[in-house]
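Reproduced below: coords_7.tsv, with TSV, C-alpha atoms.
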chain	number	residue	atom	x	y	z
A	1	MET	CA	-203.44	53.49	-231.90
A	2	THR	CA	-203.76	52.49	-228.27
A	3	ALA	CA	-203.61	54.92	-225.38
A	4	THR	CA	-200.16	53.62	-224.45
A	5	GLU	CA	-198.79	54.18	-227.94
A	6	GLU	CA	-200.23	57.65	-228.00
A	7	GLN	CA	-198.64	58.35	-224.64
A	8	VAL	CA	-195.27	57.11	-225.90
A	9	ARG	CA	-195.53	59.31	-228.98
A	10	HIS	CA	-196.36	62.30	-226.83
A	11	GLN	CA	-193.37	61.60	-224.62
A	12	GLN	CA	-191.13	61.11	-227.63
A	13	GLY	CA	-191.97	64.54	-228.88
A	14	THR	CA	-190.47	66.10	-225.79
A	15	GLY	CA	-188.05	63.38	-224.69
A	16	GLN	CA	-184.39	62.62	-225.09
A	17	ALA	CA	-182.67	59.86	-227.04
A	18	ARG	CA	-181.57	56.65	-225.36
A	19	ARG	CA	-179.35	54.07	-226.99
A	20	ILE	CA	-180.57	50.51	-226.68
A	21	ARG	CA	-178.20	47.66	-227.49
A	22	ILE	CA	-180.06	44.45	-228.17
A	23	SER	CA	-178.44	41.06	-228.18
A	24	ARG	CA	-180.16	39.28	-231.07
A	25	ARG	CA	-179.92	35.67	-232.03
A	26	ARG	CA	-181.52	34.52	-235.24
A	27	HIS	CA	-183.13	31.10	-235.19
A	28	GLY	CA	-180.39	28.57	-235.83
A	29	ALA	CA	-177.53	31.11	-235.62
A	30	ALA	CA	-174.53	30.00	-233.63
A	31	ARG	CA	-173.90	33.30	-231.85
A	32	PRO	CA	-175.95	36.36	-230.99
A	33	GLN	CA	-175.08	39.75	-232.45
A	34	VAL	CA	-175.61	43.25	-231.17
A	35	ASP	CA	-177.83	45.81	-232.88
A	36	GLU	CA	-178.04	49.35	-231.55
A	37	PHE	CA	-181.06	51.61	-231.70
A	38	ASP	CA	-181.51	55.22	-230.66
A	39	VAL	CA	-185.00	55.85	-229.38
A	40	ALA	CA	-186.61	59.09	-228.25
A	41	VAL	CA	-188.01	58.56	-224.78
A	42	GLY	CA	-189.90	60.44	-222.12
A	43	PRO	CA	-189.63	60.31	-218.34
A	44	ASP	CA	-192.14	57.47	-218.00
A	45	THR	CA	-191.15	55.36	-220.99
A	46	THR	CA	-190.79	51.71	-220.08
A	47	LEU	CA	-188.39	49.26	-221.64
A	48	LEU	CA	-191.30	47.56	-223.38
A	49	ASP	CA	-192.48	50.92	-224.80
A	50	ALA	CA	-189.01	51.47	-226.26
A	51	LEU	CA	-188.80	47.96	-227.73
A	52	ARG	CA	-192.24	48.30	-229.29
A	53	GLU	CA	-191.17	51.65	-230.72
A	54	ILE	CA	-188.10	50.01	-232.27
A	55	ARG	CA	-190.23	47.22	-233.69
A	56	SER	CA	-192.80	49.64	-235.08
A	57	HIS	CA	-190.48	52.23	-236.62
A	58	GLN	CA	-186.99	50.88	-237.00
A	59	ASP	CA	-186.90	47.11	-237.35
A	60	ARG	CA	-189.99	45.01	-237.95
A	61	SER	CA	-187.96	41.84	-237.54
A	62	LEU	CA	-187.22	42.43	-233.85
A	63	THR	CA	-188.84	39.54	-232.02
A	64	LEU	CA	-190.13	39.97	-228.51
A	65	ARG	CA	-192.96	38.53	-226.47
A	66	TYR	CA	-195.44	40.52	-224.39
A	67	SER	CA	-199.10	40.52	-223.61
A	68	CYS	CA	-200.73	42.22	-220.63
A	69	CYS	CA	-198.34	45.19	-220.17
A	70	HIS	CA	-198.96	45.27	-216.40
A	71	ALA	CA	-196.81	42.49	-214.89
A	72	SER	CA	-199.55	39.87	-214.79
A	73	CYS	CA	-198.75	37.56	-217.69
A	74	GLY	CA	-195.00	37.23	-217.13
A	75	THR	CA	-194.20	36.99	-220.83
A	76	CYS	CA	-191.90	40.00	-221.27
A	77	GLY	CA	-189.09	38.81	-219.00
A	78	MET	CA	-185.61	39.75	-220.21
A	79	ARG	CA	-182.32	41.09	-218.91
A	80	ALA	CA	-181.59	44.80	-218.96
A	81	ASN	CA	-178.06	45.84	-218.01
A	82	GLY	CA	-177.57	42.34	-216.59
A	83	ARG	CA	-180.63	42.47	-214.33
A	84	GLU	CA	-183.71	40.30	-214.83
A	85	VAL	CA	-186.77	42.50	-215.35
A	86	LEU	CA	-190.28	42.51	-216.73
A	87	ALA	CA	-189.94	45.00	-219.58
A	88	CYS	CA	-193.51	46.27	-219.20
A	89	VAL	CA	-192.98	47.68	-215.71
A	90	THR	CA	-189.34	48.75	-215.99
A	91	PRO	CA	-188.95	52.47	-216.65
A	92	LEU	CA	-185.87	53.32	-218.68
A	93	ALA	CA	-185.11	55.92	-216.02
A	94	SER	CA	-184.44	53.08	-213.57
A	95	LEU	CA	-181.71	51.67	-215.82
A	96	GLY	CA	-179.14	54.40	-215.40
A	97	SER	CA	-178.34	57.15	-217.87
A	98	GLY	CA	-176.06	55.37	-220.36
A	99	PRO	CA	-176.81	52.87	-223.12
A	100	ILE	CA	-179.07	50.01	-222.09
A	101	THR	CA	-178.01	46.48	-222.94
A	102	VAL	CA	-180.98	44.17	-223.46
A	103	GLU	CA	-180.54	40.40	-223.57
A	104	PRO	CA	-182.91	37.43	-223.50
A	105	LEU	CA	-183.38	35.57	-220.22
A	106	GLY	CA	-180.51	33.32	-219.19
A	107	ASN	CA	-180.56	29.57	-218.51
A	108	ALA	CA	-183.07	28.99	-221.30
A	109	ARG	CA	-182.73	28.22	-225.01
A	110	VAL	CA	-183.12	31.33	-227.15
A	111	GLU	CA	-185.76	30.90	-229.81
A	112	HIS	CA	-185.25	34.23	-231.56
A	113	ASP	CA	-183.93	37.62	-230.41
A	114	LEU	CA	-185.50	38.22	-226.98
A	115	VAL	CA	-187.81	35.21	-226.98
A	116	VAL	CA	-186.73	32.11	-225.08
A	117	ASP	CA	-188.19	28.62	-224.90
A	118	MET	CA	-190.26	28.41	-221.70
A	119	ARG	CA	-191.14	24.71	-221.96
A	120	ASP	CA	-188.49	23.58	-219.47
A	121	LEU	CA	-189.85	26.00	-216.89
A	122	TYR	CA	-193.48	24.94	-217.40
A	123	ASP	CA	-192.52	21.25	-217.35
A	124	SER	CA	-190.58	21.74	-214.12
A	125	LEU	CA	-193.75	23.02	-212.42
A	126	GLU	CA	-195.89	20.02	-213.34
A	127	PRO	CA	-194.65	17.53	-210.69
A	128	ALA	CA	-195.60	20.01	-207.97
A	129	GLY	CA	-199.20	19.61	-209.14
A	130	ARG	CA	-199.55	23.23	-210.30
A	131	PRO	CA	-200.53	24.38	-206.83
A	132	LEU	CA	-200.60	27.96	-207.99
A	133	ILE	CA	-204.17	27.81	-209.19
A	134	ARG	CA	-206.61	29.34	-206.76
A	135	GLN	CA	-209.43	26.87	-206.91
A	136	ASP	CA	-211.92	29.15	-205.20
A	137	GLU	CA	-211.54	31.80	-207.89
A	138	ARG	CA	-212.76	29.82	-210.87
A	139	LEU	CA	-215.54	31.51	-212.77
A	140	ALA	CA	-218.97	30.40	-211.63
A	141	GLY	CA	-220.37	27.46	-213.60
A	142	GLN	CA	-216.99	26.24	-214.85
A	143	GLY	CA	-216.21	22.69	-213.85
A	144	GLY	CA	-213.20	20.48	-214.24
A	145	ASP	CA	-214.87	18.64	-217.14
A	146	ALA	CA	-215.26	21.74	-219.29
A	147	PRO	CA	-214.17	21.21	-222.93
A	148	VAL	CA	-211.62	24.01	-222.66
A	149	LEU	CA	-209.37	24.67	-219.72
A	150	PRO	CA	-211.36	26.63	-217.15
A	151	PHE	CA	-210.33	30.11	-216.19
A	152	ALA	CA	-208.36	30.11	-213.01
A	153	ARG	CA	-206.28	32.65	-211.26
A	154	TYR	CA	-202.66	31.83	-210.64
A	155	GLU	CA	-201.50	32.73	-207.22
A	156	ASP	CA	-198.55	35.08	-207.01
A	157	CYS	CA	-196.15	33.24	-209.32
A	158	ILE	CA	-196.64	34.46	-212.88
A	159	GLU	CA	-194.25	31.86	-214.34
A	160	CYS	CA	-192.06	34.52	-215.95
A	161	GLY	CA	-188.79	32.62	-215.49
A	162	LEU	CA	-186.87	35.57	-214.05
A	163	CYS	CA	-185.87	33.50	-211.01
A	164	VAL	CA	-184.45	30.68	-213.13
A	165	SER	CA	-182.56	33.16	-215.29
A	166	ALA	CA	-180.97	34.79	-212.23
A	167	CYS	CA	-180.07	31.51	-210.48
A	168	VAL	CA	-176.33	30.79	-210.50
A	169	ILE	CA	-176.88	27.07	-209.93
A	170	ALA	CA	-179.44	26.70	-212.73
A	171	GLY	CA	-176.70	28.16	-214.93
A	172	SER	CA	-174.11	25.59	-213.93
A	173	ASP	CA	-176.33	22.52	-213.53
A	174	PRO	CA	-179.25	22.00	-215.93
A	175	ALA	CA	-180.48	19.03	-213.83
A	176	TYR	CA	-181.28	21.34	-210.89
A	177	LEU	CA	-185.04	21.64	-210.29
A	178	GLY	CA	-184.72	25.41	-210.04
A	179	PRO	CA	-186.30	28.10	-207.87
A	180	ALA	CA	-189.71	28.24	-209.61
A	181	ALA	CA	-190.35	24.51	-209.17
A	182	LEU	CA	-189.17	24.59	-205.56
A	183	ALA	CA	-191.42	27.55	-204.77
A	184	ALA	CA	-194.35	25.66	-206.33
A	185	ALA	CA	-193.45	22.60	-204.25
A	186	TRP	CA	-193.54	24.65	-201.06
A	187	ARG	CA	-196.98	25.98	-202.02
A	188	THR	CA	-198.23	22.39	-202.20
A	189	VAL	CA	-196.68	21.53	-198.85
A	190	THR	CA	-198.18	24.56	-197.11
A	191	GLU	CA	-201.55	24.26	-198.81
A	192	PRO	CA	-202.00	20.71	-200.15
A	193	ARG	CA	-205.70	20.99	-201.09
A	194	GLY	CA	-206.04	17.24	-201.15
A	195	ALA	CA	-202.61	16.58	-202.65
A	196	ASP	CA	-200.06	14.50	-200.76
A	197	PRO	CA	-197.30	16.79	-199.41
A	198	SER	CA	-195.10	13.76	-198.68
A	199	ARG	CA	-194.94	12.96	-202.39
A	200	VAL	CA	-193.81	16.50	-203.18
A	201	LEU	CA	-191.32	16.49	-200.30
A	202	ALA	CA	-189.88	13.20	-201.58
A	203	TRP	CA	-189.54	14.80	-205.02
A	204	VAL	CA	-187.55	17.82	-203.77
A	205	ASP	CA	-185.50	15.79	-201.25
A	206	ASP	CA	-182.79	15.15	-203.78
A	207	GLU	CA	-179.29	16.37	-204.58
A	208	GLN	CA	-180.81	18.17	-207.58
A	209	GLY	CA	-183.72	19.40	-205.48
A	210	CYS	CA	-183.82	21.84	-202.59
A	211	TRP	CA	-180.39	20.73	-201.31
A	212	ARG	CA	-178.72	21.90	-204.54
A	213	CYS	CA	-179.51	25.57	-203.86
A	214	HIS	CA	-176.47	27.61	-202.80
A	215	ALA	CA	-178.42	30.45	-201.28
A	216	SER	CA	-177.41	33.38	-203.46
A	217	PHE	CA	-180.99	34.70	-203.08
A	218	GLU	CA	-180.99	36.16	-206.60
A	219	CYS	CA	-184.31	34.42	-207.36
A	220	THR	CA	-186.02	36.29	-204.54
A	221	GLU	CA	-184.35	39.57	-205.49
A	222	VAL	CA	-185.63	39.50	-209.08
A	223	CYS	CA	-189.09	38.01	-208.50
A	224	PRO	CA	-191.64	40.63	-209.63
A	225	SER	CA	-194.45	39.01	-207.62
A	226	GLY	CA	-192.91	38.65	-204.19
A	227	VAL	CA	-193.00	34.85	-204.31
A	228	ASP	CA	-189.66	34.49	-202.46
A	229	PRO	CA	-188.45	31.24	-204.08
A	230	ALA	CA	-185.27	31.23	-201.93
A	231	GLY	CA	-187.34	31.47	-198.76
A	232	ALA	CA	-189.51	28.60	-200.04
A	233	THR	CA	-186.42	26.49	-200.76
A	234	MET	CA	-185.07	27.08	-197.26
A	235	ALA	CA	-188.50	26.29	-195.81
A	236	LEU	CA	-188.51	22.97	-197.70
A	237	ARG	CA	-185.13	22.16	-196.16
A	238	ARG	CA	-186.42	23.07	-192.70
A	239	GLU	CA	-189.47	20.86	-193.17
A	240	LEU	CA	-187.38	17.93	-194.46
A	241	THR	CA	-184.88	18.34	-191.59
A	242	ARG	CA	-187.73	18.45	-189.08
A	243	ARG	CA	-189.31	15.28	-190.49
A	244	LYS	CA	-185.98	13.41	-190.65
A	245	LEU	CA	-185.03	14.41	-187.09
A	246	GLY	CA	-188.54	13.43	-185.94
A	247	ARG	CA	-188.09	10.00	-187.55
A	248	ILE	CA	-184.72	9.49	-185.78
A	249	THR	CA	-186.18	10.60	-182.44
A	250	ARG	CA	-189.15	8.25	-182.80
A	251	ARG	CA	-186.82	5.37	-183.73
A	252	GLY	CA	-184.71	6.13	-180.63
A	253	ARG	CA	-187.81	6.11	-178.42
A	254	GLY	CA	-188.94	2.82	-179.96
A	255	ARG	CA	-185.66	1.12	-179.00
A	256	ARG	CA	-186.01	2.12	-175.34
B	1	MET	CA	-188.53	60.98	-235.74
B	2	SER	CA	-185.13	62.58	-235.33
B	3	ALA	CA	-183.78	60.36	-232.55
B	4	ALA	CA	-184.51	57.08	-234.33
B	5	THR	CA	-181.37	55.53	-235.72
B	6	THR	CA	-180.39	51.93	-236.16
B	7	THR	CA	-176.86	50.55	-236.18
B	8	ARG	CA	-176.18	46.97	-237.10
B	9	THR	CA	-172.83	46.58	-235.43
B	10	GLY	CA	-172.27	43.01	-236.60
B	11	ARG	CA	-170.42	42.69	-233.32
B	12	PRO	CA	-170.93	39.36	-231.58
B	13	ALA	CA	-172.88	39.79	-228.36
B	14	ARG	CA	-171.04	38.96	-225.18
B	15	SER	CA	-171.75	35.33	-224.35
B	16	PRO	CA	-173.52	34.94	-221.04
B	17	LEU	CA	-171.25	33.52	-218.35
B	18	ARG	CA	-172.25	29.93	-217.97
B	19	GLY	CA	-171.20	27.13	-215.67
B	20	ALA	CA	-168.84	28.00	-212.86
B	21	ALA	CA	-167.93	31.21	-214.72
B	22	GLY	CA	-171.49	32.37	-213.99
B	23	TRP	CA	-170.57	32.50	-210.31
B	24	ALA	CA	-168.45	35.54	-211.09
B	25	ARG	CA	-171.26	37.39	-212.83
B	26	VAL	CA	-171.30	40.79	-211.16
B	27	ARG	CA	-173.52	42.98	-213.35
B	28	GLY	CA	-177.06	43.25	-212.04
B	29	ARG	CA	-176.36	40.96	-209.08
B	30	HIS	CA	-177.29	41.53	-205.45
B	31	LEU	CA	-175.65	41.08	-202.04
B	32	GLY	CA	-176.52	37.38	-201.82
B	33	SER	CA	-174.49	36.70	-204.95
B	34	VAL	CA	-171.57	38.68	-203.54
B	35	ALA	CA	-171.67	36.47	-200.44
B	36	PHE	CA	-171.94	33.37	-202.66
B	37	PHE	CA	-168.90	34.45	-204.73
B	38	ILE	CA	-166.81	35.42	-201.71
B	39	ASN	CA	-167.48	32.04	-200.09
B	40	ARG	CA	-166.29	30.21	-203.17
B	41	VAL	CA	-163.15	32.29	-203.65
B	42	THR	CA	-162.13	32.08	-199.99
B	43	GLY	CA	-162.92	28.34	-199.98
B	44	LEU	CA	-160.68	27.71	-202.99
B	45	LEU	CA	-157.90	29.83	-201.50
B	46	LEU	CA	-158.10	27.91	-198.22
B	47	VAL	CA	-157.89	24.58	-200.07
B	48	GLY	CA	-154.80	25.93	-201.87
B	49	TYR	CA	-153.32	26.99	-198.53
B	50	LEU	CA	-153.91	23.51	-197.09
B	51	TYR	CA	-151.60	21.99	-199.71
B	52	LEU	CA	-149.02	24.75	-199.13
B	53	HIS	CA	-149.22	24.04	-195.41
B	54	LEU	CA	-148.66	20.31	-195.96
B	55	GLY	CA	-145.67	21.19	-198.15
B	56	VAL	CA	-144.18	23.37	-195.41
B	57	LEU	CA	-144.74	20.64	-192.80
B	58	TYR	CA	-142.87	18.22	-195.06
B	59	LEU	CA	-139.76	20.39	-194.51
B	60	LEU	CA	-139.73	19.10	-190.91
B	61	THR	CA	-138.47	15.81	-192.30
B	62	GLU	CA	-135.54	17.61	-193.96
B	63	GLY	CA	-133.80	18.43	-190.70
B	64	GLN	CA	-133.33	21.30	-188.27
B	65	GLY	CA	-131.60	23.66	-190.72
B	66	SER	CA	-134.41	23.44	-193.21
B	67	TRP	CA	-137.00	24.19	-190.54
B	68	ALA	CA	-134.99	27.12	-189.17
B	69	SER	CA	-134.98	28.73	-192.60
B	70	VAL	CA	-138.77	28.34	-192.77
B	71	LEU	CA	-139.13	30.05	-189.40
B	72	ARG	CA	-136.92	32.92	-190.58
B	73	LEU	CA	-139.15	33.30	-193.65
B	74	PHE	CA	-142.25	33.46	-191.46
B	75	LYS	CA	-140.84	36.50	-189.63
B	76	ASN	CA	-140.68	38.46	-192.89
B	77	HIS	CA	-143.24	41.30	-192.93
B	78	TYR	CA	-144.61	40.36	-196.35
B	79	VAL	CA	-145.19	36.78	-195.25
B	80	LEU	CA	-146.81	38.06	-192.07
B	81	GLY	CA	-149.12	40.17	-194.22
B	82	LEU	CA	-150.11	37.07	-196.20
B	83	GLU	CA	-150.64	35.16	-192.94
B	84	SER	CA	-152.98	37.88	-191.74
B	85	LEU	CA	-154.94	37.54	-195.00
B	86	LEU	CA	-155.19	33.82	-194.33
B	87	ILE	CA	-156.83	34.60	-191.01
B	88	LEU	CA	-159.20	37.03	-192.73
B	89	PHE	CA	-160.20	34.37	-195.27
B	90	ILE	CA	-160.77	31.79	-192.53
B	91	MET	CA	-162.98	34.19	-190.58
B	92	VAL	CA	-165.00	35.34	-193.60
B	93	HIS	CA	-165.45	31.79	-194.90
B	94	GLY	CA	-166.25	30.40	-191.46
B	95	LEU	CA	-168.72	33.09	-190.40
B	96	ASN	CA	-170.39	33.21	-193.80
B	97	GLY	CA	-170.56	29.41	-193.69
B	98	LEU	CA	-172.27	29.69	-190.32
B	99	ARG	CA	-174.76	32.14	-191.88
B	100	LEU	CA	-175.43	29.66	-194.69
B	101	ALA	CA	-175.89	26.80	-192.24
B	102	VAL	CA	-178.42	28.81	-190.23
B	103	VAL	CA	-180.27	30.29	-193.21
B	104	GLY	CA	-180.05	26.98	-195.11
B	105	THR	CA	-182.16	25.26	-192.51
B	106	GLY	CA	-184.84	27.90	-192.74
B	107	ILE	CA	-183.81	30.04	-189.76
B	108	GLY	CA	-183.68	33.82	-190.18
B	109	VAL	CA	-183.96	33.60	-193.96
B	110	ARG	CA	-185.46	37.06	-194.27
B	111	HIS	CA	-182.46	38.51	-192.46
B	112	GLN	CA	-179.82	36.89	-194.65
B	113	LYS	CA	-178.39	40.26	-195.69
B	114	ALA	CA	-178.06	41.36	-192.08
B	115	TRP	CA	-176.40	38.01	-191.25
B	116	PHE	CA	-173.87	38.64	-194.03
B	117	ALA	CA	-173.23	42.21	-192.91
B	118	ALA	CA	-172.64	40.91	-189.37
B	119	ALA	CA	-170.27	38.18	-190.64
B	120	ILE	CA	-168.21	40.70	-192.61
B	121	SER	CA	-168.20	43.26	-189.78
B	122	VAL	CA	-167.04	40.74	-187.17
B	123	SER	CA	-164.39	39.39	-189.58
B	124	ALA	CA	-163.11	42.89	-190.32
B	125	ALA	CA	-162.94	43.81	-186.63
B	126	LEU	CA	-161.12	40.61	-185.69
B	127	TYR	CA	-158.79	40.98	-188.67
B	128	LEU	CA	-157.83	44.45	-187.49
B	129	VAL	CA	-157.03	43.13	-184.00
B	130	VAL	CA	-154.99	40.25	-185.46
B	131	VAL	CA	-152.98	42.56	-187.76
B	132	LEU	CA	-152.23	44.96	-184.90
B	133	ALA	CA	-151.12	42.05	-182.71
B	134	MET	CA	-149.04	40.47	-185.48
B	135	PHE	CA	-147.09	43.64	-186.12
B	136	GLY	CA	-146.63	44.34	-182.42
B	137	VAL	CA	-148.84	47.42	-182.20
B	138	ILE	CA	-150.90	45.93	-179.37

When written as structure tokens, how does the structure in this file appear?
Amino acid sequence: MTATEEQVRHQQGTGQARRIRISRRRHGAARPQVDEFDVAVGPDTTLLDALREIRSHQDRSLTLRYSCCHASCGTCGMRANGREVLACVTPLASLGSGPITVEPLGNARVEHDLVVDMRDLYDSLEPAGRPLIRQDERLAGQGGDAPVLPFARYEDCIECGLCVSACVIAGSDPAYLGPAALAAAWRTVTEPRGADPSRVLAWVDDEQGCWRCHASFECTEVCPSGVDPAGATMALRRELTRRKLGRITRRGRGRR
Amino acid sequence: MSAATTTRTGRPARSPLRGAAGWARVRGRHLGSVAFFINRVTGLLLVGYLYLHLGVLYLLTEGQGSWASVLRLFKNHYVLGLESLLILFIMVHGLNGLRLAVVGTGIGVRHQKAWFAAAISVSAALYLVVVLAMFGVI
């Protein structure tokens, strides 16, 4: 038993019961269904603690994804009471006092219960050139020609998909690049590291790119890493506007 | 463990609001989404009003009597109340649109909530003045 599990058990001994309603979709099922669980919790119990407790003692078939338990891996993203959260760092106490409704992330295909398909998100980041990797933090001795992918630290964005889930436009237009890809694009523009920012700017300068955003700022509100995808999107627009106006001004000067 | 109980309700889960319906998602949303939703609702209402306005203008072609009856209708207090709402919608949509134009080009992005609060405050203050003037209080 890990320290966390022991802690949860200790809390459960003295805690109160919370009802957790989970929206569950079986693989291939047309519609999700609701299952309710009462879990004994303590003052510091997180949503992930409660879900693990359910999986361990009430329903082994509950499918969820998690790994690091400290908001670094970005795998336990889900919606609790309609809000996008990382379950591992969300105390139940922060979710009000009534029953807690847990759903998988939005704007992504549900694989099973609380697990969604993240491939669209990862694919959307590729054209930006994955600028999130901090090249100066590779482990010593690891080169680009290593047989396995070298260790590298991702900068800020943990690719959890919370921003895409919260985005109202990603929900109404699947062709939209989305806040995560736009934030990655802005990283490349601000810190190209040999990449060509013009190529990335041309990629986002599209009706489905940074101009498609309708500025609801939900992506920035839910981001657990302070990436500010909405700010990045607006910065891309500013940069594109500046370049286009510069081009017009230069053309005007050339005519004189 | 005494608290552990499981209930399989068999109840279908609420489908997430998708498409344009997702615009109206309120639960768990923040101020930016409220501004987004308000701008859409007021925009649609103003488009609806435009057609109503064109319809009313068409009555000009029906002669003086027809137009006089329209003018009498416009003096009705209920219609005046609706007219004042029209002005409120124009101000909210216009000022929030200005906020979006400014923020959308990367200016003052971090202050978008304050911009919205200012847009709503100015709209509310002007609306109050308009209503008082419409009903002859000032």

* To do: Kindly determine which residues of chain A lie within 7 Å of chain B, considering only C-alpha atoms, and give the answer as a VMD selection string.
  => chain A and resid 17 23 31 to 40 58 81 to 83 168 171 to 172 216 to 218 231 234 to 235 237 to 238

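Of note, CA of Thr188 (chain A) and CA of Gly209 (chain A) are spaced 15.2 Å apart.
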
* To do: Considering only C-alpha atoms, return as a list in words whatever protein or nucleic-acid residues lie within 9 Å of region 62-69 of chain A, sequence-local ones (same chain, fewer than 3 positions apart) excluded.
  => Arg24, Leu48, Leu51, Arg52, Ile54, Arg55, Asp59, Ser72, Cys73, Gly74, Thr75, Cys76, Gly77, Ala87, Cys88, Val89, His112, Asp113, Leu114 and Val115 of chain A

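Residues surrounding region 114-119 of chain B within 8 Å are Ala35, Val92, Leu95, Asn96 and Arg99 of chain B [all atoms listed in the file; sequence separation below 5 positions excluded].
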
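For Cys160 (chain A), the set of protein, DNA and RNA residues having any atom at most 10 Å away, when counting only C-alpha atoms and skipping those fewer than 3 positions along the same chain, is Ala71, Ser72, Cys73, Gly74, Thr75, Cys76, Gly77, Met78, Val85, Leu86, Leu105, Met118, Leu121, Tyr122, Cys157, Cys163, Val164, Ser165, Ala180, Cys223, Pro224 and Ser225 of chain A.
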
* Contacts of Glu239 (chain A) within 12 Å, all atoms listed in the file, excl. fewer than 4 positions in-chain, as a VMD selection string -> (chain A and resid 185 to 186 189 to 190 197 to 198 200 to 202 204 to 205 210 232 to 235 243 to 246) or (chain B and resid 104 to 107)

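We find CA of Arg212 (chain A) and CA of Cys167 (chain A) to be spaced 11.4 Å apart.
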
* Excluding same-chain residues fewer than 5 positions from Leu85 (chain B), what lies within 10 Å of it counting only C-alpha atoms, as a list of chain:residue names? -> B:Val79, B:Leu80, B:Ile90, B:Met91, B:Tyr127, B:Val130, B:Val131

Export, as a short mmCIF file (atom, residue, chain, number, x, y, z; two decimals), in the frame of the given file, the selected residues with C-alpha atoms.
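File part-v5.cif, as written:
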data_model
loop_
_atom_site.label_atom_id
_atom_site.label_comp_id
_atom_site.auth_asym_id
_atom_site.auth_seq_id
_atom_site.Cartn_x
_atom_site.Cartn_y
_atom_site.Cartn_z
CA VAL B 79 -145.19 36.78 -195.25
CA LEU B 80 -146.81 38.06 -192.07
CA ILE B 90 -160.77 31.79 -192.53
CA MET B 91 -162.98 34.19 -190.58
CA TYR B 127 -158.79 40.98 -188.67
CA VAL B 130 -154.99 40.25 -185.46
CA VAL B 131 -152.98 42.56 -187.76
#

* Asked: Can you tell me how far CA of Arg21 (chain A) sits from CA of Pro174 (chain A), in Å to one decimal?
  -> 28.2 Å
